[in-house]
Every structure is written in C-alpha cells, then in structure tokens.
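Colleague: First the structure, which I've put down as structure tokens, then a few questions once you've had a look.
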Amino acid sequence: NAGVTQTPKFQVLKTGQSMTLQCAQDMNHEYMSWYRQDPGMGLRLIHYSVGAGITDQGEVPNGYNVSRSTTEDFPLRLLSAAPSQTSVYFCASSSGLAGVDEQFFGPGTRLTVL
Amino acid sequence: SQQGEEDPQALSIQEGENATMNCSYKTSINNLQWYRQNSGRGLVHLILIRSNEREKHSGRLRVTLDTSKKSSSLLITASRAADTASYFCATDRNRDDKIIFGKGTRLHILP
C-alpha cells in the first residue's frame with residue numbers, strides 16, 4: 001500500500017493564481033482531512049470529509065474549496081492564491097473519525113505564494 | 001483557536017535520559033491523542049487515551065491524563081537519537097469528527 005500520497009511536493013504560485021493540491025489514499029478510509037502548518041504552529045484543520053459526497057469546514061476554510069467524489073481522492077483547491085496561504089499542507093485519512101481513530105498523514109506539499 | 005498547548009516548547013536531553021512533555025487544554029474532551037513529526041515529514045500517530053483512562057503505555061511511551069486539571073503528559077523513557085522530533089497533542093472538544101492540534105514540543109536528543 002502506498003498509504004496517503006500528495007502531489008506536488010513543492011509549488012510556487014503568484015498572487016491570484018489558482019491551483020489544486022492532490023491527495024489520494026489506498027486504504028479505503030472514509031475520513032479524510034486537509035491541514036496547514038505554519039512555522040512554530042501546530043496543524044490547523046482546513047476542510048474534512050467523513051465519506052464520499054460529504055465535506056465540512058474546519059478552523060481555517062476561507063480561500064479553499066474541497067470536493068469528495070470518490071473514497072480515494074480528496075483534492076484541495078486554492079481559488080485565488082494569497083501570500084497568507086504560504087504554508088505546508090498535509091492531507092490525512094483514517095478509517096474512523098479523527099477524534100477516535102489514528103490518522104495517517106501524507107508527506108506534505110510545501111506551497112509558496114509570491 | 002488553539003485547544004491544546006504543549007509545554008515546554010523545546011527540550012534538549014542526553015541520549016538515554018527520559019523526556020517528559022505536557023499538554024494542557026481548555027474544554028472537556030472525549031479523547032486525547034499524541035502525534036510525532038520528524039523534520040519535514042507528515043505526522044505519525046503515537047497513542048490515544050480516552051477521557052475515562054488515567055494512564056496508557058505503548059513501548060517506551062507512557063501517557064497520563066488528568067481530566068480534572070485538563071492536562072496530559074507524554075513520557076519517553078530511555079531516549080534515543082531517533083526520538084528527535086516534534087510532538088503534538090490533539091484533542092476533540094467532545095466531538096468525534098475533528099481534532100485540534102497544539103503547537104508542539106520540539107525534542108532534541110543529544111548524543
């Protein structure tokens with residue numbers, strides 16, 4: 001099993017550009033989530049999904065969109081990139097809900113917005 | 001808003017010593033979890049302790065939970081160089097569908 005994969009590993013955007021961060025898991029997990037991590041900070045939840053077709057907002061959802069059309073994939077879209085979105089983005093998945101089950105994390109995408 | 005706060009922010013100890021880090025949180029919880037992050041990598045789950053548990057062990061890890069003080073501690077015994085990492089606590093605020101991470105403790109094991 002590949003576990004949780006994220007692409008790209010690194011990305012540089014200009015202010016106002018849009019892009020999609022890809023996340024896929026091959027463990028048949030129902031729960032998937034996106035976090036961002038800024039220097040000296042813990043992870044902050046952006047959006048999460050408890051199953052295909054179901055998404056909900058986390059702590060910092062503004063400027064991001066998600067969809068969950070399949071169990072395996074959970075892409076994160078930046079609509080109009082801003083320098084404040086410069087961060088490392090982590091995708092995670094778990095078989096149960098995050099509060100009761102171990103989450104498996106991807107390797108992260110390091111995004112810089114100029 | 002931050003739910004869990006780890007203490008200390010950074011800790012350096014000699015290899016072989018025990019490392020203790022603490023987590024305090026603000027609202028009641030169902031479960032508390034500890035995760036480890038090696039530099040530049042994704043987080044790895046270490047242990048989950050339920051609100052009705054006081055202590056839990058996993059290998060060299062010992063986690064305690066005091067719900068009356070809203071605090072938890074993670075003890076790593078006989079530390080190794082490979083334990084150098086950041087350690088985060090995560091709490092659920094009585095919700096199962098999402099967890100809130102603290103800012104972490106950076107642990108450095110000196111050879």
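Chain lettering (A, B, ...) mirrors the order of the structure tokens, residue numbering begins at 1 for each chain separately, and ligand numbering begins at 1 in order of display.
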Got a sec: who's within 10 Å of Gly59 of chain B, counting only C-alpha atoms, leaving out chain neighbours fewer than 2 positions off, as a PyMOL selection string?

Modeller: chain B and resi 57+61-62+76-77

Colleague: Just to be explicit: take each residue in the selection above, keep all heavy atoms, and write the result as an mmCIF file, in the first residue's frame.

Modeller:
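The resulting file, out-v2.cif, is reproduced below:
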```
data_model
loop_
_atom_site.group_PDB
_atom_site.id
_atom_site.type_symbol
_atom_site.label_atom_id
_atom_site.label_comp_id
_atom_site.auth_asym_id
_atom_site.auth_seq_id
_atom_site.Cartn_x
_atom_site.Cartn_y
_atom_site.Cartn_z
ATOM 1 N N HIS B 57 0.200 2.869 28.163
ATOM 2 C CA HIS B 57 1.580 2.598 27.781
ATOM 3 C C HIS B 57 1.628 2.046 26.368
ATOM 4 O O HIS B 57 0.720 1.339 25.926
ATOM 5 C CB HIS B 57 2.203 1.562 28.728
ATOM 6 C CG HIS B 57 2.317 2.016 30.143
ATOM 7 N ND1 HIS B 57 3.496 2.402 30.707
ATOM 8 C CD2 HIS B 57 1.381 2.175 31.103
ATOM 9 C CE1 HIS B 57 3.298 2.753 31.966
ATOM 10 N NE2 HIS B 57 2.008 2.621 32.229
ATOM 11 N N LEU B 61 6.721 4.551 25.556
ATOM 12 C CA LEU B 61 5.867 5.715 25.769
ATOM 13 C C LEU B 61 4.896 5.461 26.912
ATOM 14 O O LEU B 61 4.326 4.370 27.037
ATOM 15 C CB LEU B 61 5.050 6.039 24.510
ATOM 16 C CG LEU B 61 5.798 6.233 23.214
ATOM 17 C CD1 LEU B 61 4.819 6.556 22.091
ATOM 18 C CD2 LEU B 61 6.845 7.318 23.329
ATOM 19 N N ARG B 62 4.738 6.493 27.752
ATOM 20 C CA ARG B 62 3.727 6.445 28.807
ATOM 21 C C ARG B 62 2.967 7.763 28.766
ATOM 22 O O ARG B 62 3.565 8.827 28.834
ATOM 23 C CB ARG B 62 4.387 6.249 30.170
ATOM 24 C CG ARG B 62 3.428 6.374 31.351
ATOM 25 C CD ARG B 62 4.153 6.096 32.662
ATOM 26 N NE ARG B 62 3.337 6.493 33.817
ATOM 27 C CZ ARG B 62 3.553 7.575 34.552
ATOM 28 N NH1 ARG B 62 4.550 8.389 34.276
ATOM 29 N NH2 ARG B 62 2.774 7.844 35.585
ATOM 30 N N ILE B 76 8.735 9.722 27.431
ATOM 31 C CA ILE B 76 9.519 8.815 26.593
ATOM 32 C C ILE B 76 10.690 8.347 27.442
ATOM 33 O O ILE B 76 11.522 9.154 27.873
ATOM 34 C CB ILE B 76 10.030 9.512 25.323
ATOM 35 C CG1 ILE B 76 8.869 10.111 24.529
ATOM 36 C CG2 ILE B 76 10.821 8.523 24.455
ATOM 37 C CD1 ILE B 76 9.309 10.946 23.333
ATOM 38 N N THR B 77 10.769 7.071 27.704
ATOM 39 C CA THR B 77 11.859 6.558 28.535
ATOM 40 C C THR B 77 13.043 6.133 27.669
ATOM 41 O O THR B 77 12.879 5.790 26.487
ATOM 42 C CB THR B 77 11.388 5.351 29.363
ATOM 43 O OG1 THR B 77 10.945 4.324 28.473
ATOM 44 C CG2 THR B 77 10.240 5.736 30.283
#
```

Colleague: Neighbouring residues of Leu74 of chain B were defined as those with any atom within 7 Å, considering only C-alpha atoms; residues of the same chain fewer than 5 positions away were excluded. Please report them as a list of chain:residue names.

Modeller: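 Result of the neighbour search: B:Thr20, B:Met21, B:Asn22, B:Leu61, B:Arg62, B:Val63, B:Thr64.
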
Colleague: When you look at Gly3 of chain A with a cut-off of 6 Å (counting only C-alpha atoms), what residues show up, excluding the ones that are within fewer than 2 positions of it in the same chain? I need them as a list in words.

Modeller: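 Using only C-alpha atoms, the neighbours found are Asn1, Gln25 and Asp26 of chain A.
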
Colleague: Using all heavy atoms, can you export the residues from the last selection as a PDB file, in the first residue's frame?

Modeller:
```
ATOM      1  N   ASN A   1       0.837  -1.213   0.000  1.00  0.00           N
ATOM      2  CA  ASN A   1       0.000   0.000   0.000  1.00  0.00           C
ATOM      3  C   ASN A   1       0.857   1.242   0.000  1.00  0.00           C
ATOM      4  O   ASN A   1       1.843   1.333   0.719  1.00  0.00           O
ATOM      5  CB  ASN A   1      -0.887   0.020   1.234  1.00  0.00           C
ATOM      6  CG  ASN A   1      -2.024  -0.965   1.163  1.00  0.00           C
ATOM      7  OD1 ASN A   1      -2.230  -1.573   0.130  1.00  0.00           O
ATOM      8  ND2 ASN A   1      -2.753  -1.115   2.250  1.00  0.00           N
ATOM      9  N   GLN A  25      -5.615   8.233  -1.175  1.00  0.00           N
ATOM     10  CA  GLN A  25      -5.269   7.157  -0.233  1.00  0.00           C
ATOM     11  C   GLN A  25      -5.810   5.839  -0.763  1.00  0.00           C
ATOM     12  O   GLN A  25      -6.861   5.795  -1.412  1.00  0.00           O
ATOM     13  CB  GLN A  25      -5.810   7.468   1.176  1.00  0.00           C
ATOM     14  CG  GLN A  25      -7.258   7.818   1.277  1.00  0.00           C
ATOM     15  CD  GLN A  25      -8.200   6.661   1.506  1.00  0.00           C
ATOM     16  OE1 GLN A  25      -7.772   5.529   1.798  1.00  0.00           O
ATOM     17  NE2 GLN A  25      -9.504   6.917   1.412  1.00  0.00           N
ATOM     18  N   ASP A  26      -5.071   4.777  -0.461  1.00  0.00           N
ATOM     19  CA  ASP A  26      -5.441   3.457  -0.970  1.00  0.00           C
ATOM     20  C   ASP A  26      -5.802   2.501   0.148  1.00  0.00           C
ATOM     21  O   ASP A  26      -5.656   1.281   0.020  1.00  0.00           O
ATOM     22  CB  ASP A  26      -4.318   2.892  -1.846  1.00  0.00           C
ATOM     23  CG  ASP A  26      -3.002   2.697  -1.084  1.00  0.00           C
ATOM     24  OD1 ASP A  26      -2.961   3.007   0.122  1.00  0.00           O
ATOM     25  OD2 ASP A  26      -2.036   2.249  -1.716  1.00  0.00           O
TER      26      ASP A  26
END
```

Colleague: List every residue of chain B that has an atom at most 7 Å from any atom of chain A, and for each one report the closest atom pair and its distance in Å to one decimal, counting only C-alpha atoms, with rows sorted by chain and then by increasing residue number, as a tab-separated table.

Modeller:
```
residue	atom	partner	partner_atom	distance
B:Asn31	CA	A:Gly99	CA	6.6
B:Arg41	CA	A:Pro107	CA	5.5
B:Gly42	CA	A:Pro107	CA	4.8
B:Leu43	CA	A:Phe105	CA	5.8
B:Val44	CA	A:Phe104	CA	6.8
B:His45	CA	A:Glu102	CA	6.0
B:Asp92	CA	A:Gly99	CA	5.4
B:Arg95	CA	A:Gly99	CA	6.8
B:Asp96	CA	A:Gly99	CA	4.3
B:Asp97	CA	A:Leu97	CA	5.1
B:Lys98	CA	A:Ala98	CA	5.3
B:Ile99	CA	A:Gly99	CA	5.7
B:Phe101	CA	A:Gly42	CA	5.6
B:Gly102	CA	A:Gly42	CA	5.2
B:Lys103	CA	A:Gly42	CA	3.9
B:Gly104	CA	A:Gly42	CA	6.1
```

Colleague: Just the number, please: distance in Å from atom CA of Ser58 of chain B to atom CA of Ser93 of chain A, one decimal.

Modeller: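 Computed distance, atom CA of Ser58 of chain B to atom CA of Ser93 of chain A, equals 22.2 Å.
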
Colleague: Would you please give, as a PyMOL selection string, all residues of chain B that DSSP assigns to strand (DSSP E) based on the backbone?

Modeller: chain B and resi 4-7+10-14+19-25+31-37+43-50+55-58+61-66+71-76+85-91+100-101+105-110

Colleague: Between atom CA of Pro83 of chain A and atom CA of Ala10 of chain B, what is the spacing in Å?

Modeller: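 Atom-to-atom, atom CA of Ala10 of chain B and atom CA of Pro83 of chain A are spaced 28.2 Å apart.
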
Colleague: Could you check which of B:Leu107, B:Leu48, B:Leu65, B:Ile100 is closest to Ala85 of chain B, using only C-alpha atoms?

Modeller: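 Among the listed residues, the smallest separation from Ala85 of chain B belongs to B:Leu107.
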
Colleague: Quick one: residues within 10 Å of Arg80 of chain B, only C-alpha atoms counted, chain neighbours fewer than 5 positions away excluded, as a list in words?

Modeller: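 Here the qualifying residues turn out to be Ile13, Gln14, Glu15, Gly16, Glu17, Asn18, His108, Ile109, Leu110 and Pro111 of chain B.
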
Colleague: Counting only C-alpha atoms, what is within 10 Å of segment 65-68 of chain A, bar same-chain residues fewer than 5 positions away, as number ranges by chain?

Modeller: A: 20-21, 32-34, 46-57, 73-79

Colleague: What gap, in Å, lies between atom CA of Ser24 of chain B and atom CA of Tyr35 of chain A?

Modeller: 21.3 Å

Colleague: Would you list the contacts of Thr112 of chain A as JSON, numbers by chain, taking every protein, DNA or RNA residue within 10 Å and counting only C-alpha atoms, but skipping same-chain residues closer than 5 positions in sequence?

Modeller: {"A": [10, 11, 12, 13, 14, 15, 81, 82, 83, 84, 85, 86, 87, 88]}

Colleague: Write the residues of the preceding selection, restricted to all heavy atoms, as an mmCIF file, in the first residue's frame.

Modeller:
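Below is the file again_37.cif, written as the result:
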```
data_model
loop_
_atom_site.group_PDB
_atom_site.id
_atom_site.type_symbol
_atom_site.label_atom_id
_atom_site.label_comp_id
_atom_site.auth_asym_id
_atom_site.auth_seq_id
_atom_site.Cartn_x
_atom_site.Cartn_y
_atom_site.Cartn_z
ATOM 1 N N PHE A 10 6.294 20.324 -3.997
ATOM 2 C CA PHE A 10 6.604 21.743 -3.884
ATOM 3 C C PHE A 10 5.836 22.501 -4.963
ATOM 4 O O PHE A 10 5.623 21.964 -6.061
ATOM 5 C CB PHE A 10 8.105 22.022 -4.074
ATOM 6 C CG PHE A 10 8.991 21.316 -3.097
ATOM 7 C CD1 PHE A 10 9.536 20.081 -3.401
ATOM 8 C CD2 PHE A 10 9.285 21.892 -1.873
ATOM 9 C CE1 PHE A 10 10.357 19.430 -2.490
ATOM 10 C CE2 PHE A 10 10.104 21.247 -0.965
ATOM 11 C CZ PHE A 10 10.637 20.011 -1.280
ATOM 12 N N GLN A 11 5.444 23.732 -4.653
ATOM 13 C CA GLN A 11 4.747 24.559 -5.641
ATOM 14 C C GLN A 11 4.968 26.017 -5.308
ATOM 15 O O GLN A 11 4.905 26.419 -4.144
ATOM 16 C CB GLN A 11 3.252 24.245 -5.652
ATOM 17 C CG GLN A 11 2.456 24.994 -6.687
ATOM 18 C CD GLN A 11 2.756 24.535 -8.100
ATOM 19 O OE1 GLN A 11 2.773 23.342 -8.395
ATOM 20 N NE2 GLN A 11 2.991 25.493 -8.990
ATOM 21 N N VAL A 12 5.245 26.812 -6.347
ATOM 22 C CA VAL A 12 5.336 28.259 -6.202
ATOM 23 C C VAL A 12 4.248 28.875 -7.071
ATOM 24 O O VAL A 12 4.143 28.547 -8.249
ATOM 25 C CB VAL A 12 6.719 28.793 -6.624
ATOM 26 C CG1 VAL A 12 6.750 30.319 -6.479
ATOM 27 C CG2 VAL A 12 7.814 28.166 -5.788
ATOM 28 N N LEU A 13 3.458 29.739 -6.476
ATOM 29 C CA LEU A 13 2.382 30.416 -7.198
ATOM 30 C C LEU A 13 2.564 31.925 -7.098
ATOM 31 O O LEU A 13 3.191 32.423 -6.156
ATOM 32 C CB LEU A 13 1.020 30.068 -6.593
ATOM 33 C CG LEU A 13 0.483 28.651 -6.726
ATOM 34 C CD1 LEU A 13 -0.848 28.550 -6.001
ATOM 35 C CD2 LEU A 13 0.337 28.264 -8.181
ATOM 36 N N LYS A 14 1.957 32.611 -8.030
ATOM 37 C CA LYS A 14 1.864 34.066 -7.926
ATOM 38 C C LYS A 14 0.508 34.424 -7.325
ATOM 39 O O LYS A 14 -0.480 33.682 -7.493
ATOM 40 C CB LYS A 14 2.027 34.703 -9.298
ATOM 41 C CG LYS A 14 3.413 34.496 -9.903
ATOM 42 C CD LYS A 14 3.530 35.172 -11.253
ATOM 43 C CE LYS A 14 4.911 34.968 -11.842
ATOM 44 N NZ LYS A 14 5.043 35.569 -13.178
ATOM 45 N N THR A 15 0.457 35.537 -6.656
ATOM 46 C CA THR A 15 -0.798 36.004 -6.078
ATOM 47 C C THR A 15 -1.888 36.029 -7.143
ATOM 48 O O THR A 15 -1.676 36.542 -8.257
ATOM 49 C CB THR A 15 -0.615 37.400 -5.480
ATOM 50 O OG1 THR A 15 0.316 37.322 -4.393
ATOM 51 C CG2 THR A 15 -1.932 37.939 -4.944
ATOM 52 N N ALA A 81 -4.841 32.458 -5.015
ATOM 53 C CA ALA A 81 -3.785 32.352 -4.016
ATOM 54 C C ALA A 81 -3.365 33.715 -3.450
ATOM 55 O O ALA A 81 -3.277 34.711 -4.190
ATOM 56 C CB ALA A 81 -2.575 31.636 -4.602
ATOM 57 N N ALA A 82 -3.102 33.722 -2.150
ATOM 58 C CA ALA A 82 -2.623 34.914 -1.453
ATOM 59 C C ALA A 82 -1.363 34.565 -0.678
ATOM 60 O O ALA A 82 -1.195 33.398 -0.281
ATOM 61 C CB ALA A 82 -3.703 35.427 -0.501
ATOM 62 N N PRO A 83 -0.473 35.531 -0.443
ATOM 63 C CA PRO A 83 0.745 35.235 0.324
ATOM 64 C C PRO A 83 0.462 34.596 1.685
ATOM 65 O O PRO A 83 1.275 33.800 2.171
ATOM 66 C CB PRO A 83 1.400 36.611 0.476
ATOM 67 C CG PRO A 83 0.954 37.362 -0.735
ATOM 68 C CD PRO A 83 -0.460 36.905 -0.983
ATOM 69 N N SER A 84 -0.689 34.898 2.292
ATOM 70 C CA SER A 84 -1.042 34.305 3.587
ATOM 71 C C SER A 84 -1.283 32.797 3.498
ATOM 72 O O SER A 84 -1.362 32.118 4.531
ATOM 73 C CB SER A 84 -2.295 34.983 4.152
ATOM 74 O OG SER A 84 -3.388 34.813 3.270
ATOM 75 N N GLN A 85 -1.403 32.299 2.283
ATOM 76 C CA GLN A 85 -1.584 30.856 2.095
ATOM 77 C C GLN A 85 -0.267 30.115 1.913
ATOM 78 O O GLN A 85 -0.263 28.900 1.707
ATOM 79 C CB GLN A 85 -2.527 30.595 0.917
ATOM 80 C CG GLN A 85 -3.945 31.074 1.181
ATOM 81 C CD GLN A 85 -4.876 30.844 0.010
ATOM 82 O OE1 GLN A 85 -4.598 31.288 -1.114
ATOM 83 N NE2 GLN A 85 -5.986 30.183 0.261
ATOM 84 N N THR A 86 0.829 30.830 2.002
ATOM 85 C CA THR A 86 2.136 30.179 2.022
ATOM 86 C C THR A 86 2.216 29.313 3.270
ATOM 87 O O THR A 86 2.051 29.806 4.389
ATOM 88 C CB THR A 86 3.259 31.222 2.033
ATOM 89 O OG1 THR A 86 3.256 31.928 0.795
ATOM 90 C CG2 THR A 86 4.621 30.567 2.248
ATOM 91 N N SER A 87 2.436 28.012 3.064
ATOM 92 C CA SER A 87 2.364 27.079 4.177
ATOM 93 C C SER A 87 2.764 25.691 3.687
ATOM 94 O O SER A 87 3.020 25.472 2.500
ATOM 95 C CB SER A 87 0.930 27.040 4.730
ATOM 96 O OG SER A 87 0.865 26.324 5.948
ATOM 97 N N VAL A 88 2.803 24.748 4.622
ATOM 98 C CA VAL A 88 2.936 23.336 4.273
ATOM 99 C C VAL A 88 1.571 22.698 4.501
ATOM 100 O O VAL A 88 0.974 22.854 5.572
ATOM 101 C CB VAL A 88 4.004 22.630 5.124
ATOM 102 C CG1 VAL A 88 4.127 21.177 4.691
ATOM 103 C CG2 VAL A 88 5.348 23.337 4.987
#
```

Colleague: Between B:Ser79, B:Gln37, B:Ser72, B:Asn94, which residue has the minimum interatomic distance to Glu5 of chain B, considering only C-alpha atoms?

Modeller: B:Ser72

Colleague: With only C-alpha atoms as the basis for distance, which of A:Ser95, A:Ser69, A:Asn28, A:Ser80 is at the shortest distance from Gly16 of chain A?

Modeller: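 Residue with the minimum atom-to-atom distance to Gly16 of chain A: A:Ser80.
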